[in-house]
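Source file: coords.tsv (TSV, C-alpha atoms and all ligand atoms)
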```tsv
chain	number	residue	atom	x	y	z
A	1	MET	CA	117.28	100.79	95.45
A	2	LYS	CA	116.30	104.10	96.95
A	3	LYS	CA	113.30	105.56	95.25
A	4	THR	CA	112.79	109.26	95.33
A	5	ILE	CA	109.85	111.28	94.26
A	6	SER	CA	109.80	114.96	93.79
A	7	LEU	CA	106.69	117.00	94.16
A	8	LEU	CA	105.49	120.44	94.92
A	9	LEU	CA	104.67	120.40	98.58
A	10	LEU	CA	102.26	123.22	97.95
A	11	LEU	CA	99.96	120.56	96.53
A	12	LEU	CA	99.85	118.92	99.93
A	13	GLY	CA	99.06	122.15	101.69
A	14	PHE	CA	102.44	122.76	103.29
A	15	ALA	CA	103.77	126.24	103.56
A	16	PHE	CA	107.08	125.76	101.75
A	17	PRO	CA	106.90	127.15	98.26
A	18	GLN	CA	110.08	125.47	97.01
A	19	GLN	CA	110.40	122.10	95.35
A	20	ILE	CA	111.96	119.38	97.47
A	21	THR	CA	113.04	115.83	96.80
A	22	MET	CA	111.32	113.25	98.93
A	23	LYS	CA	113.41	110.40	100.29
A	24	ARG	CA	112.64	107.80	102.86
A	25	PRO	CA	113.76	109.21	106.23
A	26	PRO	CA	117.05	107.83	107.63
A	27	LYS	CA	116.72	104.39	109.18
A	28	SER	CA	117.94	105.50	112.62
A	29	LEU	CA	114.80	107.61	112.99
A	30	ASP	CA	112.67	104.43	112.92
A	31	LYS	CA	113.69	103.78	116.53
A	32	TYR	CA	111.91	106.90	117.70
A	33	TYR	CA	108.54	106.33	116.04
A	34	PRO	CA	105.77	103.74	116.04
A	35	PRO	CA	105.74	100.81	115.75
A	36	GLN	CA	109.21	100.70	117.40
A	37	SER	CA	108.48	103.44	119.93
A	38	GLN	CA	105.28	105.11	120.97
A	39	LYS	CA	107.15	107.90	122.75
A	40	MET	CA	108.27	109.84	119.69
A	41	GLU	CA	111.55	110.79	121.41
A	42	PHE	CA	112.92	112.73	118.46
A	43	LEU	CA	109.83	114.90	118.23
A	44	SER	CA	109.85	115.49	122.01
A	45	ASN	CA	113.40	116.75	121.73
A	46	MET	CA	112.24	119.15	119.05
A	47	PHE	CA	109.54	120.55	121.30
A	48	ALA	CA	112.06	120.74	124.15
A	49	MET	CA	114.38	122.86	121.98
A	50	SER	CA	111.63	125.12	120.85
A	51	THR	CA	110.43	125.66	124.43
A	52	ALA	CA	114.01	126.31	125.57
A	53	PHE	CA	114.46	128.91	122.83
A	54	HIS	CA	111.34	130.65	124.07
A	55	GLY	CA	112.55	130.35	127.68
A	56	ILE	CA	115.71	132.25	126.77
A	57	THR	CA	113.90	135.19	125.16
A	58	LEU	CA	111.17	135.34	127.77
A	59	ASN	CA	113.63	135.55	130.65
A	60	ILE	CA	116.00	138.00	128.97
A	61	ASN	CA	113.08	140.32	128.28
A	62	GLU	CA	112.35	140.27	131.99
A	63	GLY	CA	116.00	140.72	132.96
A	64	ARG	CA	116.40	137.22	134.43
A	65	TRP	CA	119.70	136.25	132.86
A	66	GLU	CA	120.41	133.31	135.18
A	67	LYS	CA	117.14	131.62	134.24
A	68	ALA	CA	117.87	132.39	130.59
A	69	LEU	CA	121.20	130.64	130.99
A	70	ASP	CA	119.50	127.51	132.34
A	71	TRP	CA	117.35	127.40	129.22
A	72	ALA	CA	120.32	127.98	126.93
A	73	ARG	CA	122.12	125.03	128.52
A	74	GLN	CA	118.99	122.93	128.18
A	75	LEU	CA	118.79	123.88	124.50
A	76	LYS	CA	122.41	122.91	123.93
A	77	LYS	CA	121.85	119.57	125.64
A	78	SER	CA	118.78	118.68	123.57
A	79	TYR	CA	120.48	119.88	120.41
A	80	GLU	CA	123.47	117.62	120.96
A	81	GLU	CA	121.20	114.75	121.90
A	82	SER	CA	119.18	115.17	118.70
A	83	ALA	CA	122.38	115.14	116.67
A	84	ARG	CA	123.36	111.81	118.25
A	85	MET	CA	119.97	110.29	117.54
A	86	VAL	CA	120.28	110.56	113.78
A	87	PRO	CA	123.90	110.12	112.67
A	88	GLU	CA	122.81	110.40	109.01
A	89	TRP	CA	121.86	114.02	109.68
A	90	LYS	CA	125.03	114.90	111.60
A	91	ASP	CA	126.02	117.63	109.16
A	92	TYR	CA	122.86	119.62	109.78
A	93	PHE	CA	123.84	120.18	113.39
A	94	LYS	CA	126.42	122.81	114.33
A	95	PRO	CA	127.15	122.22	118.05
A	96	ALA	CA	129.56	125.17	118.04
A	97	LEU	CA	126.59	127.47	117.38
A	98	ALA	CA	124.74	126.09	120.43
A	99	ASP	CA	127.90	126.79	122.44
A	100	ASN	CA	127.96	130.33	121.09
A	101	LEU	CA	124.42	130.86	122.26
A	102	VAL	CA	125.25	129.69	125.78
A	103	LYS	CA	128.26	132.05	125.81
A	104	ALA	CA	126.19	134.95	124.50
A	105	VAL	CA	123.67	134.49	127.31
A	106	GLN	CA	126.53	134.25	129.81
A	107	SER	CA	127.89	137.59	128.54
A	108	LYS	CA	124.47	139.19	129.18
A	109	ASN	CA	124.69	140.99	125.88
A	110	ALA	CA	121.30	141.06	124.15
A	111	ASP	CA	122.74	141.77	120.71
A	112	SER	CA	125.04	138.75	120.80
A	113	VAL	CA	122.14	136.60	121.98
A	114	ILE	CA	120.05	137.73	119.01
A	115	LYS	CA	122.90	137.04	116.62
A	116	ALA	CA	123.69	133.61	118.12
A	117	SER	CA	120.00	132.65	118.17
A	118	ARG	CA	119.59	133.57	114.54
A	119	GLU	CA	122.63	131.52	113.52
A	120	LEU	CA	121.52	128.48	115.47
A	121	GLY	CA	117.94	128.92	114.25
A	122	GLN	CA	119.11	128.73	110.65
A	123	THR	CA	120.36	125.19	111.25
A	124	CYS	CA	116.87	124.28	112.50
A	125	ASN	CA	115.20	125.84	109.47
A	126	LYS	CA	117.49	124.19	106.95
A	127	CYS	CA	116.70	120.71	108.21
A	128	HIS	CA	112.99	121.45	108.55
A	129	SER	CA	112.60	122.59	104.99
A	130	ASP	CA	114.47	119.52	103.75
A	131	HIS	CA	112.87	116.86	105.95
A	132	GLN	CA	109.98	117.82	108.17
A	133	ALA	CA	107.15	117.21	105.71
A	134	VAL	CA	108.42	113.78	104.69
A	135	VAL	CA	108.98	112.69	108.29
A	136	LYS	CA	105.41	113.61	109.16
A	137	LEU	CA	103.97	111.78	106.18
A	138	TYR	CA	106.12	108.75	106.76
A	139	TYR	CA	105.72	108.23	110.50
A	140	HIS	CA	102.57	109.98	111.65
A	141	PHE	CA	100.11	107.95	109.60
A	142	PRO	CA	99.39	104.36	110.48
A	143	ARG	CA	99.62	101.59	107.88
A	144	TYR	CA	96.58	99.77	106.63
A	145	ASP	CA	98.19	96.52	105.59
A	146	LYS	CA	97.63	94.94	109.01
A	147	ILE	CA	93.95	95.81	109.04
A	148	THR	CA	91.50	93.30	107.64
A	149	ILE	CA	87.85	93.61	106.74
A	150	GLU	CA	85.48	90.70	106.38
A	151	ASP	CA	84.19	90.54	102.83
A	152	PRO	CA	80.41	89.99	103.10
A	153	VAL	CA	80.27	88.54	99.56
A	154	GLU	CA	83.07	85.98	99.61
A	155	LEU	CA	83.05	85.57	103.39
A	156	GLN	CA	86.76	85.92	104.01
A	157	ASN	CA	89.02	88.43	105.72
A	158	LEU	CA	90.80	90.73	103.30
A	159	LYS	CA	93.50	93.34	103.73
A	160	THR	CA	92.30	96.90	103.21
A	161	LYS	CA	93.89	97.13	99.79
A	162	ASP	CA	92.37	93.88	98.49
A	163	TYR	CA	89.02	94.79	99.96
A	164	MET	CA	89.09	98.17	98.20
A	165	LYS	CA	89.96	96.48	94.93
A	166	ARG	CA	87.03	94.06	95.10
A	167	MET	CA	84.63	96.75	96.14
A	168	ALA	CA	85.77	99.01	93.30
A	169	ASN	CA	85.52	96.10	90.85
A	170	SER	CA	81.92	95.43	91.93
A	171	MET	CA	81.18	99.07	91.27
A	172	LYS	CA	82.80	99.02	87.85
A	173	SER	CA	81.07	95.77	86.88
A	174	LEU	CA	77.77	97.40	87.78
A	175	GLN	CA	78.61	100.29	85.47
A	176	VAL	CA	79.81	98.09	82.60
A	177	PHE	CA	76.76	95.78	82.63
A	178	LEU	CA	74.41	98.69	82.97
A	179	MET	CA	75.91	100.41	79.96
A	180	GLN	CA	75.71	97.11	78.02
A	181	GLY	CA	72.03	96.81	78.94
A	182	ASP	CA	72.55	93.58	80.90
A	183	VAL	CA	70.31	94.53	83.81
A	184	ALA	CA	70.32	91.19	85.67
A	185	LYS	CA	74.12	91.11	85.86
A	186	ALA	CA	74.23	94.82	86.73
A	187	LYS	CA	71.90	94.14	89.69
A	188	GLU	CA	73.97	91.25	90.93
A	189	HIS	CA	77.18	93.28	90.97
A	190	GLY	CA	75.33	96.32	92.27
A	191	ASP	CA	74.13	94.30	95.28
A	192	ASN	CA	77.66	93.10	95.94
A	193	PHE	CA	78.93	96.65	95.74
A	194	VAL	CA	76.33	97.92	98.22
A	195	GLU	CA	77.06	95.09	100.65
A	196	ARG	CA	80.80	95.70	100.47
A	197	ALA	CA	80.48	99.46	100.75
A	198	LYS	CA	78.23	99.14	103.81
A	199	GLN	CA	80.66	96.82	105.53
A	200	LEU	CA	83.45	99.34	105.04
A	201	ASN	CA	82.72	101.27	108.21
A	202	THR	CA	83.63	98.26	110.36
A	203	MET	CA	87.27	99.17	109.73
A	204	CYS	CA	87.03	102.67	111.18
A	205	THR	CA	86.91	101.58	114.83
A	206	LYS	CA	90.28	99.86	114.42
A	207	CYS	CA	91.81	103.33	114.60
A	208	HIS	CA	89.10	105.77	115.68
A	209	THR	CA	87.37	105.97	119.01
A	210	SER	CA	85.45	109.13	118.16
A	211	LYS	CA	81.95	108.39	116.85
A	212	ALA	CA	81.87	111.88	115.34
A	213	SER	CA	84.87	111.08	113.09
A	214	ILE	CA	83.24	107.93	111.76
A	215	GLU	CA	79.88	109.63	111.36
A	216	SER	CA	81.35	112.45	109.32
A	217	LEU	CA	82.86	110.25	106.59
A	218	ALA	CA	80.94	106.97	106.65
A	219	GLY	CA	77.92	107.57	108.83
A	220	ARG	CA	74.19	107.84	108.33
A	221	ASP	CA	74.33	109.97	105.15
A	222	TYR	CA	76.73	107.51	103.56
A	223	LEU	CA	74.52	104.52	104.41
A	224	THR	CA	71.46	106.40	103.13
A	225	ALA	CA	73.21	107.04	99.82
A	226	LEU	CA	73.88	103.29	99.55
A	227	ASP	CA	70.26	102.45	100.42
A	228	ASN	CA	69.13	104.82	97.69
A	229	LEU	CA	71.27	102.99	95.16
A	230	GLN	CA	69.95	99.62	96.27
A	231	ARG	CA	66.38	100.86	95.93
A	232	VAL	CA	66.76	101.96	92.30
A	233	LEU	CA	68.53	98.70	91.50
A	234	ASN	CA	65.58	96.76	92.87
A	235	ALA	CA	62.92	98.82	91.07
A	236	PRO	CA	61.00	97.01	88.31
A	237	GLN	CA	62.46	99.44	85.75
A	238	VAL	CA	66.11	100.23	86.43
A	239	SER	CA	66.88	103.80	85.43
A	240	ARG	CA	70.44	104.05	84.26
A	241	GLU	CA	70.58	107.77	84.87
A	242	THR	CA	69.38	107.48	88.47
A	243	VAL	CA	71.86	104.68	89.18
A	244	PHE	CA	74.70	106.85	87.93
A	245	LYS	CA	73.51	109.80	89.96
A	246	HIS	CA	73.52	107.74	93.16
A	247	LEU	CA	76.92	106.28	92.31
A	248	SER	CA	78.30	109.74	91.95
A	249	ASP	CA	76.86	110.71	95.37
A	250	ILE	CA	78.53	107.66	96.91
A	251	GLY	CA	81.78	108.43	95.10
A	252	GLN	CA	81.99	111.68	97.04
A	253	TYR	CA	82.44	109.67	100.25
A	254	CYS	CA	85.16	107.50	98.72
A	255	TYR	CA	86.89	110.62	97.47
A	256	ARG	CA	86.75	112.43	100.81
A	257	CYS	CA	87.98	109.43	102.75
A	258	HIS	CA	90.81	108.93	100.26
A	259	ASN	CA	91.89	112.55	100.62
A	260	VAL	CA	92.47	111.95	104.32
A	261	HIS	CA	93.61	108.32	104.39
A	262	LEU	CA	94.85	107.22	100.98
A	263	ILE	CA	97.20	110.09	100.09
A	264	PRO	CA	99.59	109.36	103.00
A	265	VAL	CA	99.59	105.67	102.00
A	266	LEU	CA	100.57	106.56	98.43
A	267	VAL	CA	103.45	108.69	99.70
A	268	GLN	CA	104.56	105.98	102.15
A	269	ASP	CA	104.47	103.37	99.39
A	270	ALA	CA	106.48	105.58	97.07
A	271	LEU	CA	109.12	106.09	99.77
A	272	LYS	CA	109.49	102.41	100.67
A	301	LIG	C1	88.85	104.78	105.37
A	301	LIG	C2	88.27	105.55	104.31
A	301	LIG	C3	88.05	104.95	102.95
A	301	LIG	C4	86.85	104.88	102.30
A	301	LIG	C5	85.47	105.33	102.82
A	301	LIG	C6	87.13	104.34	101.00
A	301	LIG	N1	88.46	104.03	100.88
A	301	LIG	FE1	89.34	103.23	99.25
A	301	LIG	N2	91.14	103.23	100.19
A	301	LIG	C7	91.34	103.64	101.50
A	301	LIG	C8	92.71	103.37	101.87
A	301	LIG	C9	93.36	103.66	103.21
A	301	LIG	C10	93.32	102.76	100.75
A	301	LIG	C11	94.79	102.27	100.65
A	301	LIG	C12	94.94	100.90	101.28
A	301	LIG	C13	96.35	100.37	101.14
A	301	LIG	O1	96.98	100.57	100.09
A	301	LIG	O2	96.79	99.69	102.06
A	301	LIG	C14	92.31	102.71	99.70
A	301	LIG	C15	92.53	102.22	98.44
A	301	LIG	C16	91.57	102.15	97.44
A	301	LIG	C17	91.81	101.69	96.09
A	301	LIG	C18	93.16	101.27	95.53
A	301	LIG	C19	93.37	99.79	95.70
A	301	LIG	C20	94.67	99.37	95.04
A	301	LIG	O3	94.60	98.72	94.00
A	301	LIG	O4	95.73	99.77	95.55
A	301	LIG	C21	90.61	101.74	95.42
A	301	LIG	C22	90.36	101.36	93.98
A	301	LIG	C23	89.62	102.24	96.35
A	301	LIG	N3	90.24	102.48	97.57
A	301	LIG	C24	88.28	102.40	96.07
A	301	LIG	C25	87.34	102.89	96.95
A	301	LIG	C26	85.94	103.12	96.64
A	301	LIG	C27	85.30	102.84	95.28
A	301	LIG	C28	85.35	103.62	97.75
A	301	LIG	C29	83.92	104.05	97.99
A	301	LIG	C30	82.88	103.15	97.69
A	301	LIG	C31	86.38	103.70	98.78
A	301	LIG	N4	87.56	103.25	98.26
A	301	LIG	C32	86.14	104.14	100.04
A	301	LIG	C33	90.42	104.24	102.32
A	301	LIG	C34	89.07	104.39	102.06
A	302	LIG	C1	118.58	117.48	111.33
A	302	LIG	C2	117.21	117.88	111.24
A	302	LIG	C3	116.61	118.82	112.24
A	302	LIG	C4	117.20	119.83	112.95
A	302	LIG	C5	118.65	120.31	112.90
A	302	LIG	C6	116.16	120.42	113.75
A	302	LIG	N1	114.98	119.78	113.53
A	302	LIG	FE1	113.21	120.27	114.40
A	302	LIG	N2	112.30	118.79	113.31
A	302	LIG	C7	112.93	117.93	112.45
A	302	LIG	C8	111.98	116.99	111.93
A	302	LIG	C9	112.27	115.86	110.96
A	302	LIG	C10	110.73	117.33	112.50
A	302	LIG	C11	109.39	116.61	112.30
A	302	LIG	C12	109.26	115.58	113.38
A	302	LIG	C13	107.87	115.02	113.49
A	302	LIG	O1	106.90	115.70	113.14
A	302	LIG	O2	107.75	113.86	113.96
A	302	LIG	C14	110.97	118.47	113.37
A	302	LIG	C15	109.99	119.09	114.11
A	302	LIG	C16	110.20	120.17	114.93
A	302	LIG	C17	109.19	120.81	115.71
A	302	LIG	C18	107.73	120.39	115.76
A	302	LIG	C19	106.93	121.10	114.73
A	302	LIG	C20	105.50	120.61	114.75
A	302	LIG	O3	104.63	121.47	114.87
A	302	LIG	O4	105.26	119.42	114.68
A	302	LIG	C21	109.77	121.83	116.41
A	302	LIG	C22	109.08	122.80	117.35
A	302	LIG	C23	111.17	121.82	116.06
A	302	LIG	N3	111.41	120.78	115.16
A	302	LIG	C24	112.11	122.69	116.58
A	302	LIG	C25	113.46	122.66	116.24
A	302	LIG	C26	114.44	123.62	116.73
A	302	LIG	C27	114.13	124.77	117.65
A	302	LIG	C28	115.62	123.27	116.17
A	302	LIG	C29	116.95	123.94	116.28
A	302	LIG	C30	117.38	124.37	117.56
A	302	LIG	C31	115.39	122.11	115.34
A	302	LIG	N4	114.08	121.76	115.42
A	302	LIG	C32	116.38	121.48	114.61
A	302	LIG	C33	114.26	117.94	112.10
A	302	LIG	C34	115.20	118.81	112.61
A	303	LIG	C1	94.63	102.66	110.00
A	303	LIG	C2	93.96	103.62	110.81
A	303	LIG	C3	92.72	104.31	110.29
A	303	LIG	C4	91.56	103.74	109.80
A	303	LIG	C5	91.27	102.28	109.59
A	303	LIG	C6	90.66	104.84	109.55
A	303	LIG	N1	91.25	106.02	109.89
A	303	LIG	FE1	90.39	107.87	109.81
A	303	LIG	N2	92.16	108.71	110.29
A	303	LIG	C7	93.31	108.05	110.64
A	303	LIG	C8	94.36	109.03	110.90
A	303	LIG	C9	95.78	108.71	111.33
A	303	LIG	C10	93.81	110.30	110.68
A	303	LIG	C11	94.53	111.67	110.77
A	303	LIG	C12	94.11	112.39	112.01
A	303	LIG	C13	94.57	111.68	113.26
A	303	LIG	O1	95.77	111.44	113.43
A	303	LIG	O2	93.68	111.35	114.07
A	303	LIG	C14	92.40	110.07	110.32
A	303	LIG	C15	91.50	111.08	110.10
A	303	LIG	C16	90.15	110.91	109.92
A	303	LIG	C17	89.17	111.99	109.88
A	303	LIG	C18	89.47	113.48	110.03
A	303	LIG	C19	89.89	113.82	111.43
A	303	LIG	C20	88.95	113.33	112.49
A	303	LIG	O3	89.42	112.54	113.34
A	303	LIG	O4	87.74	113.63	112.44
A	303	LIG	C21	87.95	111.41	109.71
A	303	LIG	C22	86.62	112.11	109.60
A	303	LIG	C23	88.18	109.96	109.60
A	303	LIG	N3	89.52	109.70	109.74
A	303	LIG	C24	87.18	109.02	109.40
A	303	LIG	C25	87.42	107.67	109.19
A	303	LIG	C26	86.40	106.72	108.78
A	303	LIG	C27	84.95	107.07	108.53
A	303	LIG	C28	87.01	105.51	108.68
A	303	LIG	C29	86.40	104.20	108.23
A	303	LIG	C30	85.68	104.19	106.98
A	303	LIG	C31	88.41	105.69	109.04
A	303	LIG	N4	88.62	107.01	109.33
A	303	LIG	C32	89.37	104.68	109.08
A	303	LIG	C33	93.46	106.69	110.74
A	303	LIG	C34	92.51	105.75	110.33
```

Rendering of file as structure tokens:
Amino acid sequence: MKKTISLLLLLLGFAFPQQITMKRPPKSLDKYYPPQSQKMEFLSNMFAMSTAFHGITLNINEGRWEKALDWARQLKKSYEESARMVPEWKDYFKPALADNLVKAVQSKNADSVIKASRELGQTCNKCHSDHQAVVKLYYHFPRYDKITIEDPVELQNLKTKDYMKRMANSMKSLQVFLMQGDVAKAKEHGDNFVERAKQLNTMCTKCHTSKASIESLAGRDYLTALDNLQRVLNAPQVSRETVFKHLSDIGQYCYRCHNVHLIPVLVQDALK
């Protein structure tokens, strides 16, 4: 069954103010994105069309109509090719309008070129406002289900999701036992939480090569925050308040990393 979710894209920081319905992109697009293709052929065609559009205007402004015509033909070719790539979206494409643009450039009449460009451009805009955001969310973010992290407590490899669950459970157990006044148990789960949270940054290198990226979300400051927590847990008198303060500092890192990495996963899962 096809699941659709509807949300205000404004929330995700996109520039379209209207409400759209999110659907999984058409299956034929899968061929042009990872893991099936690293070349992103559909997106390259898009850039080709946009460059060709610019090539037309640029040359007409400088009086080079023949060059403009080359670009118009190039635009028509990429437009037709894009239409063939995704049969499900056939109705968005109006090949006759691409033809009109070529003819307008051939006629060397600037007004007809403007008119034909606007009409063709509207077909681009219509599809973009319906689909661009979803396509980016669906294909541009890698999946985490193939990534495993070694759990330092139970000494086994876990998928990201299961690892997160155990780590979050250790954290919650720490909170529950602390609030119940069961300090020994709180310490035990607190230690597990710290160990698991420290191990977390071993996953980053599976996607990132930039040390700066890793440092900014799970680097020295993050590890220091975890050391601080461990220290108060090992003190002769465990101060509940201080533990909670450190947990809230650490939570900021979870939150920031989730904003970048978890939100796309939630959208992808909802679209499956
Ligand atoms: C890489 C940055 C990153 C950091 C740092 C991070 N998480 Fe996550 N978290 C993720 C991703 C990605 C997922 C989704 C994994 C999936 O569903 O495949 C996730 C999922 C979760 C989930 C949901 C698991 C479920 O049941 O679906 C919880 C709970 C969670 N994280 C807790 C935490 C806590 C607590 C911290 C901090 C101590 C933390 N995470 C730090 C990336 C991160
Ligand atoms: C039937 C749908 C559809 C039509 C028609 C369409 N596009 Fe696109 N376009 C998309 C989708 C989907 C994306 C997002 C692809 C991605 O990010 O991988 C996109 C992305 C783009 C981008 C890249 C934007 C960015 O910054 O990532 C450009 C440029 C673009 N299109 C230009 C055009 C032009 C010019 C036309 C018309 C001549 C056009 N498109 C017609 C669906 C369409
Ligand atoms: C499954 C792959 C994956 C994993 C694992 C992963 N990231 Fe990312 N991360 C991404 C993607 C994709 C982006 C979006 C930007 C991009 O395409 O590079 C991103 C963006 C970021 C950014 C913001 C942009 C930048 O590159 O500085 C930071 C910071 C970051 N990740 C840190 C981390 C840290 C720290 C970890 C480990 C705790 C981690 N990531 C784990 C895929 C991943």

Close residues to ligand LIG 303 (chain A) using all atoms listed in the file, limit 8 Å, as an mmCIF file with C-alpha atoms, in the coordinates of the input:
```cif
data_model
loop_
_atom_site.group_PDB
_atom_site.id
_atom_site.type_symbol
_atom_site.label_atom_id
_atom_site.label_comp_id
_atom_site.auth_asym_id
_atom_site.auth_seq_id
_atom_site.Cartn_x
_atom_site.Cartn_y
_atom_site.Cartn_z
ATOM 1 C CA HIS A 140 102.570 109.980 111.650
ATOM 2 C CA PHE A 141 100.110 107.950 109.600
ATOM 3 C CA PRO A 142 99.390 104.360 110.480
ATOM 4 C CA ARG A 143 99.620 101.590 107.880
ATOM 5 C CA TYR A 144 96.580 99.770 106.630
ATOM 6 C CA ILE A 147 93.950 95.810 109.040
ATOM 7 C CA LEU A 200 83.450 99.340 105.040
ATOM 8 C CA ASN A 201 82.720 101.270 108.210
ATOM 9 C CA THR A 202 83.630 98.260 110.360
ATOM 10 C CA MET A 203 87.270 99.170 109.730
ATOM 11 C CA CYS A 204 87.030 102.670 111.180
ATOM 12 C CA THR A 205 86.910 101.580 114.830
ATOM 13 C CA LYS A 206 90.280 99.860 114.420
ATOM 14 C CA CYS A 207 91.810 103.330 114.600
ATOM 15 C CA HIS A 208 89.100 105.770 115.680
ATOM 16 C CA SER A 210 85.450 109.130 118.160
ATOM 17 C CA ALA A 212 81.870 111.880 115.340
ATOM 18 C CA SER A 213 84.870 111.080 113.090
ATOM 19 C CA ILE A 214 83.240 107.930 111.760
ATOM 20 C CA GLU A 215 79.880 109.630 111.360
ATOM 21 C CA SER A 216 81.350 112.450 109.320
ATOM 22 C CA LEU A 217 82.860 110.250 106.590
ATOM 23 C CA ALA A 218 80.940 106.970 106.650
ATOM 24 C CA GLY A 219 77.920 107.570 108.830
ATOM 25 C CA CYS A 257 87.980 109.430 102.750
ATOM 26 C CA VAL A 260 92.470 111.950 104.320
ATOM 27 C CA HIS A 261 93.610 108.320 104.390
#
```

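Taking all atoms listed in the file, the non-local environment of Glu188 of chain A within 10 Å (same-chain residues fewer than 4 positions away omitted) comprises Ser170, Ser173, Leu174, Phe177, Val183, Ala184, Asn192, Phe193 and Leu233 of chain A.
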
Report the closest atom pair, with its distance in Å rounded to one decimal, for each residue of chain A that has an atom no farther than 8 Å from ligand LIG 302 (chain A); count all atoms listed in the file, sort by chain and then rising residue number, and write it as CSV.
```
residue,atom,partner,partner_atom,distance
A:Tyr33,CA,A:LIG302,O2,7.9
A:Met40,CA,A:LIG302,O2,7.0
A:Phe42,CA,A:LIG302,C12,6.9
A:Leu43,CA,A:LIG302,O2,4.9
A:Asn45,CA,A:LIG302,C23,7.9
A:Met46,CA,A:LIG302,C23,4.1
A:Phe47,CA,A:LIG302,C22,4.6
A:Ala48,CA,A:LIG302,C22,7.7
A:Met49,CA,A:LIG302,C27,4.7
A:Ser50,CA,A:LIG302,C27,4.1
A:Thr51,CA,A:LIG302,C22,7.8
A:Phe53,CA,A:LIG302,C27,6.6
A:Leu75,CA,A:LIG302,C30,7.1
A:Tyr79,CA,A:LIG302,C30,6.2
A:Ser82,CA,A:LIG302,C4,7.7
A:Ala83,CA,A:LIG302,C1,7.0
A:Val86,CA,A:LIG302,C1,7.5
A:Trp89,CA,A:LIG302,C1,5.0
A:Lys90,CA,A:LIG302,C1,7.0
A:Asp91,CA,A:LIG302,C1,7.8
A:Tyr92,CA,A:LIG302,C1,5.0
A:Phe93,CA,A:LIG302,C5,5.2
A:Leu120,CA,A:LIG302,C30,6.2
A:Gly121,CA,A:LIG302,C29,5.5
A:Gln122,CA,A:LIG302,C29,7.7
A:Thr123,CA,A:LIG302,C5,5.4
A:Cys124,CA,A:LIG302,C32,3.5
A:Asn125,CA,A:LIG302,C32,6.8
A:Lys126,CA,A:LIG302,C5,7.2
A:Cys127,CA,A:LIG302,C2,4.2
A:His128,CA,A:LIG302,C33,5.2
A:His131,CA,A:LIG302,C9,5.1
A:Gln132,CA,A:LIG302,C9,4.1
A:Ala133,CA,A:LIG302,C11,7.0
A:Val134,CA,A:LIG302,C9,7.6
A:Val135,CA,A:LIG302,C9,5.3
A:Lys136,CA,A:LIG302,O1,4.7
A:Tyr139,CA,A:LIG302,O2,6.9
A:His140,CA,A:LIG302,O2,6.9
```

Surroundings of ligand LIG 301 (chain A) up to 6 Å, based on all atoms listed in the file, as a PyMOL selection string: chain A and resi 144-145+160-161+164-165+168+197+251+253-254+257-258+261-262

Which residues are near Glu80 of chain A? Cut-off 9 Å, all atoms listed in the file, ignore same chain within fewer than 3 positions. Put them as JSON, numbers by chain. {"A": [75, 76, 77, 83, 84, 85, 93, 94, 95, 98]}

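Atom CA of Leu29 of chain A sits 22.0 Å away from atom CA of Gln74 of chain A.
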
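In this comparison, which uses all atoms listed in the file, the residue of A:Val238, A:Ala68, A:Ala96, A:Ala110 approaching Gly181 of chain A most closely is A:Val238.
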
Surrounding residues of Ile250 of chain A excluding itself and chain neighbours under 3 positions, 7 Å, only C-alpha atoms, as a ChimeraX atom specification: /A:222,225-226,246-247,253-254

Output of the above residues as a PDB file, in the frame of the given file, restricted to C-alpha atoms:
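Saved as selection_15.pdb:
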```pdb
ATOM      1  CA  TYR A 222      76.730 107.510 103.560  1.00  0.00           C
ATOM      2  CA  ALA A 225      73.210 107.040  99.820  1.00  0.00           C
ATOM      3  CA  LEU A 226      73.880 103.290  99.550  1.00  0.00           C
ATOM      4  CA  HIS A 246      73.520 107.740  93.160  1.00  0.00           C
ATOM      5  CA  LEU A 247      76.920 106.280  92.310  1.00  0.00           C
ATOM      6  CA  TYR A 253      82.440 109.670 100.250  1.00  0.00           C
ATOM      7  CA  CYS A 254      85.160 107.500  98.720  1.00  0.00           C
TER       8      CYS A 254
END
```

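Here atom CA of Val232 of chain A stands at a distance of 23.3 Å from atom CA of Asp151 of chain A.
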
What's the 12 Å shell around segment 60-67 of chain A, counting all atoms listed in the file, without same-chain residues fewer than 5 positions away, as an MDAnalysis selection string? chainID A and resid 52:55 72:74 102:111 113:114

Residue nearest Met179 of chain A among A:Val153, A:Ala235, A:Ile56, A:Val243 (counting all atoms listed in the file): A:Val243

State, in Å with one decimal place, the distance from atom CA of Asp269 of chain A to atom CA of Asp30 of chain A. 15.9 Å

A:Glu154, A:Asp249, A:Asp99, A:Asp162: which is nearest Leu69 of chain A, counting all atoms listed in the file? A:Asp99

Residue neighbourhood Lys31 of chain A, 9 Å, only C-alpha atoms, exclusion window fewer than 5 positions, as a list in words: Gln36, Ser37, Met40 and Glu41 of chain A

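For the residues A:Glu195, A:Asp227, A:Glu88, A:Glu241, ranking by smallest atom-to-atom distance to Leu155 of chain A using only C-alpha atoms places A:Glu195 first.
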
Of the candidates A:Ser129, A:Gln175, A:Ser44, A:Asn259, which one gets nearest to His189 of chain A if we count only C-alpha atoms? A:Gln175
